[in-house]
$ cat query13.pdb   # PDB, C-alpha atoms
ATOM      1  CA  MET A 258     -12.087 -96.037-122.031
ATOM      2  CA  GLU A 259     -14.338 -96.525-125.014
ATOM      3  CA  THR A 260     -12.717 -97.121-128.405
ATOM      4  CA  LYS A 261     -14.195 -97.340-131.902
ATOM      5  CA  CYS A 262     -12.610 -97.936-135.304
ATOM      6  CA  LEU A 263     -14.462 -96.007-138.019
ATOM      7  CA  GLU A 264     -14.241 -95.377-141.750
ATOM      8  CA  ILE A 265     -14.279 -91.740-142.845
ATOM      9  CA  ARG A 266     -15.363 -91.184-146.421
ATOM     10  CA  ASP A 267     -15.686 -88.099-148.610
ATOM     11  CA  HIS A 268     -15.274 -87.361-152.300
ATOM     12  CA  ALA A 269     -12.509 -89.790-153.409
ATOM     13  CA  THR A 270     -11.441 -90.189-149.767
ATOM     14  CA  PHE A 271     -11.051 -93.165-147.439
ATOM     15  CA  ILE A 272      -9.546 -92.659-143.961
ATOM     16  CA  PRO A 273      -9.588 -95.334-141.262
ATOM     17  CA  VAL A 274      -9.519 -93.761-137.794
ATOM     18  CA  ILE A 275      -9.414 -94.850-134.182
ATOM     19  CA  CYS A 276     -11.548 -92.813-131.806
ATOM     20  CA  ILE A 277     -11.400 -92.817-128.025
ATOM     21  CA  ARG A 278     -13.882 -91.478-125.502
ATOM     22  CA  PRO A 279     -11.812 -90.981-122.337
ATOM     23  CA  VAL A 280     -14.225 -92.422-119.798
ATOM     24  CA  PRO A 281     -12.359 -94.204-117.000
ATOM     25  CA  VAL A 282     -13.082 -97.790-116.060
ATOM     26  CA  ASN A 283     -11.013 -97.706-112.877
ATOM     27  CA  GLU A 284      -9.630 -95.270-110.336
ATOM     28  CA  ALA A 285      -6.150 -95.113-111.910
ATOM     29  CA  GLN A 286      -7.609 -94.050-115.260
ATOM     30  CA  ARG A 287      -9.922 -91.528-113.575
ATOM     31  CA  TYR A 288      -7.032 -89.936-111.703
ATOM     32  CA  LEU A 289      -4.749 -89.722-114.736
ATOM     33  CA  LEU A 290      -7.467 -88.482-117.086
ATOM     34  CA  ARG A 291      -8.444 -85.747-114.623
ATOM     35  CA  ARG A 292      -4.771 -84.775-114.242
ATOM     36  CA  ASP A 293      -4.621 -84.468-118.032
ATOM     37  CA  GLY A 294      -7.629 -82.136-118.083
ATOM     38  CA  TYR A 295     -10.476 -84.521-118.934
ATOM     39  CA  ARG A 296     -13.625 -84.726-116.841
ATOM     40  CA  GLY A 297     -12.898 -88.253-115.721
ATOM     41  CA  GLY A 298     -16.563 -89.189-115.492
ATOM     42  CA  PRO A 299     -19.389 -90.829-117.438
ATOM     43  CA  ASP A 300     -20.545 -87.438-118.760
ATOM     44  CA  GLU A 301     -17.392 -86.977-120.882
ATOM     45  CA  THR A 302     -18.203 -85.494-124.308
ATOM     46  CA  CYS A 303     -14.672 -85.237-125.680
ATOM     47  CA  ILE A 304     -13.632 -87.631-128.442
ATOM     48  CA  ILE A 305      -9.979 -88.157-129.303
ATOM     49  CA  MET A 306      -9.535 -89.002-133.000
ATOM     50  CA  ILE A 307      -6.363 -90.701-134.238
ATOM     51  CA  ASP A 308      -5.679 -90.340-137.961
ATOM     52  CA  ALA A 309      -4.668 -93.272-140.163
ATOM     53  CA  GLN A 310      -1.330 -94.809-139.166
ATOM     54  CA  CYS A 311      -1.064 -92.319-136.277
ATOM     55  CA  ARG A 312      -0.253 -89.409-138.624
ATOM     56  CA  GLY A 313      -2.152 -87.050-136.381
ATOM     57  CA  VAL A 314      -4.345 -86.897-133.310
ATOM     58  CA  ALA A 315      -6.760 -84.291-131.968
ATOM     59  CA  TYR A 316      -9.385 -83.946-129.284
ATOM     60  CA  ASP A 317     -10.691 -80.647-130.721
ATOM     61  CA  CYS A 318     -12.571 -80.903-134.034
ATOM     62  CA  SER A 319     -11.240 -77.540-135.164
ATOM     63  CA  ASP A 320      -7.603 -78.659-134.842
ATOM     64  CA  TRP A 321      -7.800 -80.589-138.118
ATOM     65  CA  ARG A 322      -6.776 -78.543-141.142
ATOM     66  CA  SER A 323      -9.130 -80.532-143.308
ATOM     67  CA  ARG A 324     -12.822 -80.119-143.992
ATOM     68  CA  THR A 325     -13.161 -83.896-144.150
ATOM     69  CA  LYS A 326     -11.521 -84.626-140.802
ATOM     70  CA  SER A 327     -13.005 -81.715-138.869
ATOM     71  CA  THR A 328     -16.540 -82.460-140.122
ATOM     72  CA  ALA A 329     -16.149 -86.173-139.430
ATOM     73  CA  HIS A 330     -14.695 -85.556-135.958
ATOM     74  CA  ARG A 331     -17.583 -83.224-135.050
ATOM     75  CA  TYR A 332     -20.112 -85.787-136.323
ATOM     76  CA  ILE A 333     -18.445 -88.588-134.348
ATOM     77  CA  GLU A 334     -18.493 -86.458-131.206
ATOM     78  CA  GLN A 335     -22.193 -85.656-131.636
ATOM     79  CA  ASN A 336     -23.217 -89.219-132.542
ATOM     80  CA  TRP A 337     -20.817 -91.307-130.444
ATOM     81  CA  HIS A 338     -23.466 -93.466-128.792
ATOM     82  CA  ASP A 339     -25.071 -94.350-132.145
ATOM     83  CA  LEU A 340     -21.831 -95.420-133.865
ATOM     84  CA  THR A 341     -20.282 -98.876-133.804
ATOM     85  CA  ASP A 342     -16.983-100.306-135.038
ATOM     86  CA  GLY A 343     -16.745-100.245-138.824
ATOM     87  CA  ASP A 344     -19.411 -97.597-139.372
ATOM     88  CA  VAL A 345     -18.939 -95.176-142.253
ATOM     89  CA  VAL A 346     -18.869 -91.449-141.528
ATOM     90  CA  ASP A 347     -19.630 -89.968-144.947
ATOM     91  CA  VAL A 348     -18.767 -86.262-144.922
ATOM     92  CA  ALA A 349     -20.326 -85.504-148.325
ATOM     93  CA  TYR A 350     -23.594 -87.018-147.097
ATOM     94  CA  ILE A 351     -23.406 -85.211-143.739
ATOM     95  CA  LEU A 352     -23.004 -81.906-145.622
ATOM     96  CA  ASP A 353     -25.953 -82.730-147.945
ATOM     97  CA  GLU A 354     -23.698 -82.916-151.009
ATOM     98  CA  THR A 355     -24.992 -86.375-151.874
ATOM     99  CA  ASP A 356     -28.368 -88.047-151.467
ATOM    100  CA  THR A 357     -27.101 -91.455-150.389
ATOM    101  CA  PRO A 358     -24.403 -92.319-147.844
ATOM    102  CA  LYS A 359     -21.414 -94.292-149.091
ATOM    103  CA  ARG A 360     -21.140 -97.941-148.159
ATOM    104  CA  SER A 361     -18.049 -99.294-146.493
ATOM    105  CA  GLU A 362     -15.109-100.186-148.717
ATOM    106  CA  ARG A 363     -15.151-103.416-146.730
ATOM    107  CA  GLU A 364     -18.381-104.246-148.592
ATOM    108  CA  THR A 365     -17.633-102.689-151.977
ATOM    109  CA  ALA A 366     -13.926-103.302-152.657
ATOM    110  CA  PRO A 367     -13.037-106.273-154.872
ATOM    111  CA  ALA A 368     -11.792-109.284-152.935
TER     112      ALA A 368
END

$ encode --input "query13.pdb" --output "structure tokens"
Amino acid sequence: METKCLEIRDHATFIPVICIRPVPVNEAQRYLLRRDGYRGGPDETCIIMIDAQCRGVAYDCSDWRSRTKSTAHRYIEQNWHDLTDGDVVDVAYILDETDTPKRSERETAPA
């Protein structure tokens, strides 16, 4: 399975998330993922997003009752292969509400 840790940002918002693309790396994972309803192959498009401190989890972007989380989840799903650990998913920028994407708090927070 592929896993990425990302930083979701929005207006006055910081949410660290863990995202999983359920692509099996062995036969046991393939079997169990398929039994759970996933494709179980390299063409999997589903992304499972786990909210900060495991306060919620969803594989469907529309399950989040938050503009920030649903927009970020959709963006992550559509851009999975371009994202790497620590990347910022800036919802305000994605929605053209700002001209410049936010930088990571990892880079901007005081030490």

$ atom_distance --input "query13.pdb" --atom1 "CA of Val348 in chain A" --atom2 "CA of Pro367 in chain A"
23.1 Å

$ residues_around --input "query13.pdb" --residues "range 354-360 of chain A" --least-positions-apart "6" --cutoff "12 Å" --atoms "all atoms listed in the file" --output "short mmCIF file (atom, residue, chain, number, x, y, z; two decimals) with C-alpha atoms, in the coordinates of the input"
data_model
loop_
_atom_site.label_atom_id
_atom_site.label_comp_id
_atom_site.auth_asym_id
_atom_site.auth_seq_id
_atom_site.Cartn_x
_atom_site.Cartn_y
_atom_site.Cartn_z
CA GLU A 264 -14.24 -95.38 -141.75
CA ILE A 265 -14.28 -91.74 -142.84
CA ARG A 266 -15.36 -91.18 -146.42
CA ASP A 267 -15.69 -88.10 -148.61
CA HIS A 268 -15.27 -87.36 -152.30
CA ALA A 269 -12.51 -89.79 -153.41
CA THR A 270 -11.44 -90.19 -149.77
CA PHE A 271 -11.05 -93.16 -147.44
CA GLY A 343 -16.74 -100.24 -138.82
CA ASP A 344 -19.41 -97.60 -139.37
CA VAL A 345 -18.94 -95.18 -142.25
CA VAL A 346 -18.87 -91.45 -141.53
CA ASP A 347 -19.63 -89.97 -144.95
CA VAL A 348 -18.77 -86.26 -144.92
CA ALA A 366 -13.93 -103.30 -152.66
#

$ resolve_selection --input "query13.pdb" --expression "the PyMOL selection byres ((chain A and resi 339-341) around 12)" --output "ChimeraX atom specification"
/A:259-264,275-276,332-338,342-346

$ atom_distance --input "query13.pdb" --atom1 "CA of Ile304 in chain A" --atom2 "CA of Ile272 in chain A"
16.8 Å

$ residues_around --input "query13.pdb" --residues "range 277-292 of chain A" --least-positions-apart "2" --cutoff "6 Å" --atoms "all atoms listed in the file" --output "MDAnalysis selection string"
chainID A and resid 258:260 294:299 304:305

$ resolve_selection --input "query13.pdb" --expression "the PyMOL selection byres ((chain A and resi 328) around 9)" --output "list in words"
Cys318, Ser319, Ser323, Arg324, Thr325, Lys326, Ser327, Ala329, His330, Arg331, Tyr332, Ile333, Val348, Ile351 and Leu352 of chain A

$ atom_distance --input "query13.pdb" --atom1 "CA of Val274 in chain A" --atom2 "CA of Arg312 in chain A"
10.3 Å

$ closest_residue --input "query13.pdb" --among "A:Pro273, A:Asp353, A:Trp321, A:Arg363" --to "Ala309 in chain A" --atoms "all atoms listed in the file"
A:Pro273

$ residues_around --input "query13.pdb" --residues "Ala315 in chain A" --least-positions-apart "3" --cutoff "7 Å" --atoms "all atoms listed in the file" --output "compact mmCIF listing (two decimals) with C-alpha atoms, keeping the file's coordinate frame"
# COMPACT_ATOMS: atom_id res chain seq x y z
CA ILE A 305 -9.98 -88.16 -129.30
CA MET A 306 -9.54 -89.00 -133.00
CA ILE A 307 -6.36 -90.70 -134.24
CA ASP A 320 -7.60 -78.66 -134.84
